[in-house]
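Undergrad: Sharing structure11.cif below, mmCIF, C-alpha atoms:
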data_my_file
#
loop_
_atom_site.label_atom_id
_atom_site.label_comp_id
_atom_site.auth_asym_id
_atom_site.auth_seq_id
_atom_site.Cartn_x
_atom_site.Cartn_y
_atom_site.Cartn_z
CA MET A 748 0.00 0.00 0.00
CA SER A 749 1.48 3.35 -1.06
CA ARG A 750 1.61 6.39 1.21
CA GLY A 751 1.28 9.95 -0.01
CA ALA A 752 4.54 11.91 -0.14
CA TYR A 753 5.82 15.21 -1.49
CA LEU A 754 8.33 15.56 -4.32
CA LEU A 755 10.40 18.75 -4.53
CA ASP A 756 12.45 19.39 -7.68
CA LEU A 757 14.64 22.34 -6.78
CA GLY A 758 17.19 22.68 -9.56
CA LEU A 759 20.61 24.10 -8.68
CA VAL A 760 20.88 24.91 -4.94
CA PRO A 761 24.01 25.76 -2.90
CA TYR A 762 24.89 22.99 -0.47
CA ARG A 763 24.47 24.90 2.80
CA GLU A 764 21.10 26.25 1.70
CA ALA A 765 19.93 22.75 0.80
CA TRP A 766 21.11 21.48 4.19
CA ASP A 767 18.99 24.12 5.92
CA VAL A 768 16.05 23.00 3.80
CA GLN A 769 16.53 19.41 4.87
CA ARG A 770 16.62 20.27 8.55
CA SER A 771 13.48 22.34 8.28
CA LEU A 772 11.60 19.65 6.40
CA ALA A 773 12.87 16.95 8.75
CA GLY A 774 11.34 18.87 11.65
CA ALA A 775 8.03 19.09 9.83
CA VAL A 776 8.04 15.40 8.90
CA SER A 777 8.92 14.38 12.45
CA GLN A 778 5.92 16.29 13.83
CA GLY A 779 3.53 14.99 11.17
CA ALA A 780 3.03 18.46 9.70
CA ILE A 781 3.92 17.16 6.24
CA PRO A 782 4.30 13.65 4.81
CA ASP A 783 7.54 12.00 3.75
CA THR A 784 9.28 14.30 1.26
CA VAL A 785 11.76 13.53 -1.51
CA ILE A 786 14.06 16.31 -2.71
CA PHE A 787 15.83 16.28 -6.08
CA LEU A 788 18.44 18.92 -6.86
CA GLU A 789 21.93 19.66 -8.14
CA HIS A 790 24.70 21.49 -6.30
CA PRO A 791 27.32 23.96 -7.49
CA PRO A 792 30.81 22.41 -7.04
CA VAL A 793 31.28 21.36 -3.42
CA VAL A 794 33.31 18.82 -1.47
CA THR A 795 31.42 17.48 1.53
CA LEU A 796 33.05 15.73 4.45
CA GLY A 797 31.16 13.04 6.32
CA ARG A 798 31.62 12.13 9.96
CA ARG A 799 34.31 9.55 9.16
CA SER A 800 36.40 11.85 6.94
CA ASP A 801 40.00 12.63 7.83
CA ALA A 802 42.38 15.35 6.73
CA ASN A 803 44.35 13.03 4.45
CA GLU A 804 41.37 12.69 2.12
CA LEU A 805 41.35 16.37 1.17
CA HIS A 806 43.77 17.66 -1.47
CA VAL A 807 41.83 20.38 -3.27
CA PRO A 808 44.28 22.53 -5.28
CA GLU A 809 44.71 26.13 -4.16
CA GLY A 810 42.35 28.44 -5.99
CA ALA A 811 39.92 25.70 -7.08
CA ALA A 812 36.37 27.00 -7.50
CA VAL A 813 34.80 24.65 -4.96
CA ASP A 814 33.34 24.96 -1.46
CA VAL A 815 34.33 22.54 1.31
CA VAL A 816 31.63 21.74 3.89
CA GLU A 817 31.76 19.52 6.97
CA THR A 818 28.45 17.69 7.39
CA ASP A 819 26.69 15.41 9.86
CA ARG A 820 26.09 12.60 7.37
CA GLY A 821 27.79 9.25 7.58
CA GLY A 822 30.67 8.23 5.37
CA LYS A 823 33.73 10.04 4.17
CA SER A 824 34.38 12.74 1.54
CA THR A 825 32.61 13.13 -1.77
CA PHE A 826 32.18 15.68 -4.55
CA HIS A 827 28.98 17.26 -5.88
CA GLY A 828 28.61 19.35 -8.99
CA PRO A 829 26.19 20.23 -11.80
CA GLY A 830 25.35 17.17 -13.87
CA GLN A 831 24.93 15.01 -10.78
CA LEU A 832 21.44 14.07 -9.60
CA VAL A 833 21.25 14.44 -5.82
CA SER A 834 18.31 13.04 -3.88
CA TYR A 835 17.58 13.84 -0.24
CA PRO A 836 14.69 11.68 0.99
CA ILE A 837 13.23 13.07 4.22
CA LEU A 838 11.50 9.95 5.49
CA ASP A 839 10.09 8.82 8.82
CA LEU A 840 11.63 5.36 9.22
CA ARG A 841 8.99 4.50 11.77
CA ARG A 842 6.91 3.93 8.63
CA HIS A 843 9.72 2.12 6.79
CA GLY A 844 11.02 -0.54 9.14
CA LYS A 845 13.16 1.35 11.71
CA ASP A 846 16.26 -0.32 10.28
CA VAL A 847 19.21 1.86 9.23
CA LYS A 848 21.01 -0.86 7.25
CA ARG A 849 17.83 -1.72 5.42
CA TYR A 850 17.32 1.95 4.58
CA VAL A 851 20.77 2.19 2.97
CA ARG A 852 20.16 -1.06 1.06
CA ASP A 853 16.83 0.35 -0.14
CA LEU A 854 18.56 3.50 -1.42
CA GLU A 855 21.00 1.26 -3.28
CA GLU A 856 18.08 -0.70 -4.72
CA ALA A 857 16.41 2.50 -5.92
CA LEU A 858 19.66 3.51 -7.65
CA ILE A 859 20.04 0.10 -9.27
CA ARG A 860 16.50 0.34 -10.64
CA THR A 861 17.11 3.90 -11.86
CA LEU A 862 20.21 2.81 -13.75
CA ALA A 863 18.44 -0.24 -15.18
CA ALA A 864 15.82 2.12 -16.62
CA VAL A 865 18.52 3.91 -18.65
CA GLY A 866 20.16 0.67 -19.76
CA LEU A 867 22.94 0.15 -17.22
CA ASP A 868 23.40 -2.98 -15.12
CA ALA A 869 24.57 -1.68 -11.74
CA GLU A 870 25.19 -3.62 -8.55
CA ARG A 871 26.39 -3.54 -4.97
CA ILE A 872 29.88 -4.56 -3.90
CA ASP A 873 30.15 -6.38 -0.57
CA GLY A 874 31.61 -4.18 2.15
CA LEU A 875 31.19 -0.93 0.20
CA THR A 876 28.32 1.54 0.28
CA GLY A 877 26.97 2.95 -2.98
CA VAL A 878 26.33 1.55 -6.43
CA TRP A 879 28.88 0.32 -8.95
CA LEU A 880 29.39 -0.88 -12.47
CA THR A 881 31.83 -3.77 -12.55
CA ARG A 882 34.51 -5.41 -14.70
CA PRO A 883 36.37 -3.30 -13.73
CA PRO A 884 34.64 -1.70 -10.70
CA ARG A 885 33.55 1.89 -11.39
CA LYS A 886 31.56 3.83 -8.81
CA ILE A 887 28.59 5.67 -10.28
CA ALA A 888 26.59 6.63 -7.17
CA SER A 889 27.46 7.53 -3.58
CA ILE A 890 25.31 7.30 -0.45
CA GLY A 891 25.66 9.13 2.86
CA VAL A 892 22.80 9.51 5.33
CA HIS A 893 21.97 11.00 8.70
CA ILE A 894 19.16 9.67 10.87
CA SER A 895 17.85 11.39 13.99
CA ARG A 896 14.79 10.15 15.86
CA TRP A 897 14.15 7.92 12.83
CA ILE A 898 13.95 10.89 10.42
CA THR A 899 16.35 10.69 7.49
CA THR A 900 18.36 13.48 5.88
CA HIS A 901 21.07 13.54 3.20
CA GLY A 902 20.83 10.67 0.72
CA TYR A 903 22.47 9.80 -2.59
CA ALA A 904 24.34 11.40 -5.48
CA LEU A 905 24.13 9.80 -8.94
CA ASN A 906 26.70 10.81 -11.54
CA VAL A 907 24.79 11.64 -14.70
CA ASP A 908 27.10 13.78 -16.84
CA LEU A 909 29.95 15.59 -15.10
CA ASP A 910 33.72 15.45 -15.07
CA PRO A 911 34.62 12.72 -12.53
CA ALA A 912 38.18 14.02 -12.12
CA PRO A 913 37.51 15.85 -8.79
CA PHE A 914 36.66 12.51 -7.17
CA THR A 915 40.26 11.43 -7.56
CA GLU A 916 42.21 14.67 -8.05
CA TRP A 917 40.67 16.83 -5.30
CA ILE A 918 39.80 14.20 -2.69
CA THR A 919 40.20 10.55 -1.87
CA ALA A 920 36.51 10.07 -2.52
CA CYS A 921 34.70 7.83 -0.03
CA GLY A 922 38.12 7.06 1.46
CA LEU A 923 38.85 4.70 -1.45
CA GLU A 924 42.39 4.78 -2.79
CA ASP A 925 42.70 4.12 -6.54
CA ALA A 926 38.92 3.85 -7.05
CA MET A 927 37.51 4.61 -10.48
CA PHE A 928 34.47 6.86 -10.87
CA THR A 929 32.17 7.07 -13.85
CA THR A 930 28.96 8.67 -15.13
CA ILE A 931 25.86 7.56 -17.00
CA ALA A 932 26.84 9.62 -20.05
CA ARG A 933 30.33 8.11 -20.15
CA GLU A 934 28.99 4.56 -19.90
CA LEU A 935 26.33 5.08 -22.57
CA ASP A 936 28.72 7.13 -24.74
CA ARG A 937 26.11 9.80 -25.42
CA PRO A 938 24.83 12.98 -23.78
CA VAL A 939 22.43 12.41 -20.87
CA THR A 940 20.90 15.12 -18.71
CA VAL A 941 19.70 15.16 -15.13
CA ASP A 942 16.24 15.92 -16.53
CA ASP A 943 16.41 12.65 -18.50
CA VAL A 944 17.19 10.60 -15.40
CA ARG A 945 15.06 12.28 -12.75
CA PRO A 946 11.70 10.65 -13.70
CA HIS A 947 13.30 7.20 -13.49
CA ALA A 948 14.80 8.09 -10.10
CA ALA A 949 11.43 9.28 -8.78
CA ALA A 950 9.69 6.12 -9.99
CA ALA A 951 12.34 3.91 -8.39
CA LEU A 952 12.14 5.65 -5.00
CA ALA A 953 8.35 5.44 -5.12
CA GLU A 954 8.47 1.71 -5.85
CA VAL A 955 11.09 0.82 -3.26
CA PHE A 956 9.63 2.88 -0.41
CA GLY A 957 5.94 2.50 -1.26
CA LEU A 958 5.33 6.19 -1.91
CA GLU A 959 2.79 7.98 -4.05
CA LEU A 960 4.70 11.13 -4.93
CA GLU A 961 2.94 14.44 -5.40
CA THR A 962 5.06 17.18 -6.97
CA VAL A 963 5.07 20.41 -4.98
CA PRO A 964 5.68 23.48 -7.19
CA ALA A 965 8.78 25.48 -6.33
CA GLU A 966 8.73 28.15 -9.03
CA ASP A 967 8.39 31.01 -6.52
CA GLY A 968 11.33 29.94 -4.42
CA HIS A 969 12.16 26.59 -2.94
CA GLY A 970 8.71 25.41 -1.99
CA LEU A 971 7.77 24.65 1.59
CA TRP A 972 10.43 25.83 3.95
CA PRO A 973 9.87 29.59 4.26
CA GLN A 974 6.67 28.77 6.18
CA PRO A 975 7.08 29.78 9.85
CA LEU A 976 5.65 26.46 11.08
CA HIS A 977 8.48 24.51 9.51
CA ALA A 978 11.14 26.81 10.92
CA GLN A 979 9.65 26.37 14.39
CA LEU A 980 9.47 22.59 14.08
CA ALA A 981 13.07 22.40 12.89
CA VAL A 982 14.43 23.70 16.20
CA LYS A 983 12.38 21.43 18.47
#
Using structure tokens, write down the structure that the file contains.
TA:
Amino acid sequence: MSRGAYLLDLGLVPYREAWDVQRSLAGAVSQGAIPDTVIFLEHPPVVTLGRRSDANELHVPEGAAVDVVETDRGGKSTFHGPGQLVSYPILDLRRHGKDVKRYVRDLEEALIRTLAAVGLDAERIDGLTGVWLTRPPRKIASIGVHISRWITTHGYALNVDLDPAPFTEWITACGLEDAMFTTIARELDRPVTVDDVRPHAAAALAEVFGLELETVPAEDGHGLWPQPLHAQLAVK
């Protein structure tokens, strides 16, 4: 049985602003003011550091046009930039099993289904989080989540069509030495846009988590979060 949920498609949003959005929406979801909410967006170039990151992972060249942000998500360092589809599901896991490992596996499953829809056979690799193409292993999607009182924030980043060089030249992405990173466009050898992939990603998340997604317009700003109620809930 599917549950109603909101879908926010925000376009290009700076990382810190998107993080504020997540916290506000998480407060609203936790109090039942709004249903589960799935955010899709892209970020300007940014390196984010998870709770398990260490200084040796960061080697951004001086003068590089990229922000560096420490976050509260799990995992290590990763890179975000235009051409990467980022999804932040704000879900109440009390409705989805109250199982953190299962939640991460479900995100991986949604990514695998998304990639299958565009013609790529992706898979998990034992002991590693995220989604990969193999022979040889190439990472195409990263996952890092934060869960507080069973409410999820952060999520996944799927490489659609961007230069993967920052994953290896600017950071030791995900703490993986000598890992290869790839994109949908590179694997299909043709241009692919985030707009092309987003409907498949929405359908996959809806299937895996049993959601009936309702798109919330965000043309006049970024949708829900300027409402005072959500700001109040976020600080409780």
Undergrad: Using all atoms listed in the file, find each residue in region 897-954 of chain A having at least one atom no more than 8 Å away from region 761-785 of chain A; report its shortest atom-to-atom pair and that distance in Å (one decimal), rows by chain then rising number, as a tab-separated table.
TA:
residue	atom	partner	partner_atom	distance
A:Ile898	CA	A:Ala773	CA	6.4
A:Thr899	CA	A:Ala773	CA	7.3
A:Thr900	CA	A:Gln769	CA	6.3
A:His901	CA	A:Gln769	CA	7.6
Undergrad: One number please: CA of Val760 (chain A) to CA of Glu789 (chain A), in Å, one decimal.
TA: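 It comes out at 6.2 Å.
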Undergrad: Here is a test: counting all atoms listed in the file, which residue of A:Ile890, A:Leu867, A:Ala948, A:Ile872 is nearest to Glu934 (chain A)?
TA: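 Counting all atoms listed in the file, the residue closest to Glu934 (chain A) is A:Leu867.
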Undergrad: Looking at all atoms listed in the file, which of A:Ile786, A:Ala863, A:Leu960, A:Val813 is the one that sits closest to Tyr903 (chain A)?
TA: A:Ile786
Undergrad: Can you list what the PyMOL selection byres ((chain A and resi 794) around 9) grabs from this structure, as a count of residues only?
TA: 19
Undergrad: Check which residues satisfy the PyMOL selection byres ((chain A and resi 930) around 10) in the file shown, then give them as JSON, numbers by chain.
TA: {"A": [830, 831, 880, 885, 886, 887, 888, 905, 906, 907, 908, 909, 910, 911, 928, 929, 931, 932, 933, 934, 935, 936, 939]}
Undergrad: Which residues come within 10 Å of His893 (chain A), counting all atoms listed in the file, excluding same-chain residues fewer than 2 positions away, as a PyMOL selection string?
TA: chain A and resi 797-798+818-822+847+891+895+897-902
Undergrad: Using the chain letters and residue numbers of this document, give as a PyMOL selection string the residues selected by the PyMOL selection byres ((chain A and resi 962) around 12).
TA: chain A and resi 751-757+784-787+946+949+959-961+963-966+970-971
Undergrad: With all atoms listed in the file as the basis for distance, which of A:Thr940, A:Ser889, A:Ser749, A:Thr915 is at the shortest distance from Val833 (chain A)?
TA: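 Smallest separation from Val833 (chain A) among the options: A:Ser889.
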Undergrad: Report, in Å with one decimal, the straight-line distance from CA of Ala951 (chain A) to CA of Ala857 (chain A).
TA: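 Taking CA of Ala951 (chain A) as the start and CA of Ala857 (chain A) as the end point, the length is 5.0 Å.
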Undergrad: How many Å lie between CA of Asp846 (chain A) and CA of Arg896 (chain A), rounded to one decimal?
TA: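 For CA of Asp846 (chain A) relative to CA of Arg896 (chain A), the distance reads 12.0 Å.
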Undergrad: Compare A:Val851, A:Leu832, A:Ala812, A:Met927 by their minimum atom-to-atom distance to Trp879 (chain A), counting only C-alpha atoms, and give me the closest one.
TA: A:Met927
Undergrad: Find the residue from A:Met748, A:Leu958, A:Leu875, A:Leu952 that sits nearest to Glu856 (chain A); use all atoms listed in the file when measuring.
TA: A:Leu952
Undergrad: Give me region 877-893 of chain A from this structure - N, CA and C atoms, as a CSV table (one decimal), in the first residue's frame.
TA:
chain,number,residue,atom,x,y,z
A,877,GLY,N,27.1,2.3,-1.7
A,877,GLY,CA,27.0,2.9,-3.0
A,877,GLY,C,26.7,1.9,-4.0
A,878,VAL,N,26.7,2.4,-5.3
A,878,VAL,CA,26.3,1.5,-6.4
A,878,VAL,C,27.4,1.6,-7.5
A,879,TRP,N,27.7,0.5,-8.1
A,879,TRP,CA,28.9,0.3,-8.9
A,879,TRP,C,28.5,-0.3,-10.3
A,880,LEU,N,29.3,-0.1,-11.3
A,880,LEU,CA,29.4,-0.9,-12.5
A,880,LEU,C,30.7,-1.7,-12.3
A,881,THR,N,30.7,-2.9,-12.8
A,881,THR,CA,31.8,-3.8,-12.5
A,881,THR,C,32.5,-4.2,-13.8
A,882,ARG,N,33.6,-4.9,-13.6
A,882,ARG,CA,34.5,-5.4,-14.7
A,882,ARG,C,35.0,-4.3,-15.6
A,883,PRO,N,35.9,-3.4,-15.1
A,883,PRO,CA,36.4,-3.3,-13.7
A,883,PRO,C,35.4,-2.5,-12.9
A,884,PRO,N,35.6,-2.5,-11.5
A,884,PRO,CA,34.6,-1.7,-10.7
A,884,PRO,C,34.8,-0.2,-11.0
A,885,ARG,N,33.6,0.4,-11.2
A,885,ARG,CA,33.6,1.9,-11.4
A,885,ARG,C,32.4,2.4,-10.6
A,886,LYS,N,32.6,3.3,-9.7
A,886,LYS,CA,31.6,3.8,-8.8
A,886,LYS,C,30.8,4.9,-9.6
A,887,ILE,N,29.4,4.7,-9.6
A,887,ILE,CA,28.6,5.7,-10.3
A,887,ILE,C,27.6,6.4,-9.4
A,888,ALA,N,27.5,6.0,-8.1
A,888,ALA,CA,26.6,6.6,-7.2
A,888,ALA,C,27.1,6.4,-5.7
A,889,SER,N,27.0,7.5,-5.0
A,889,SER,CA,27.5,7.5,-3.6
A,889,SER,C,26.3,7.7,-2.6
A,890,ILE,N,26.4,7.2,-1.4
A,890,ILE,CA,25.3,7.3,-0.4
A,890,ILE,C,25.9,7.7,0.9
A,891,GLY,N,25.3,8.7,1.5
A,891,GLY,CA,25.7,9.1,2.9
A,891,GLY,C,24.4,9.7,3.6
A,892,VAL,N,24.1,9.1,4.7
A,892,VAL,CA,22.8,9.5,5.3
A,892,VAL,C,23.0,9.9,6.8
A,893,HIS,N,22.0,10.6,7.3
A,893,HIS,CA,22.0,11.0,8.7
A,893,HIS,C,20.6,10.7,9.2
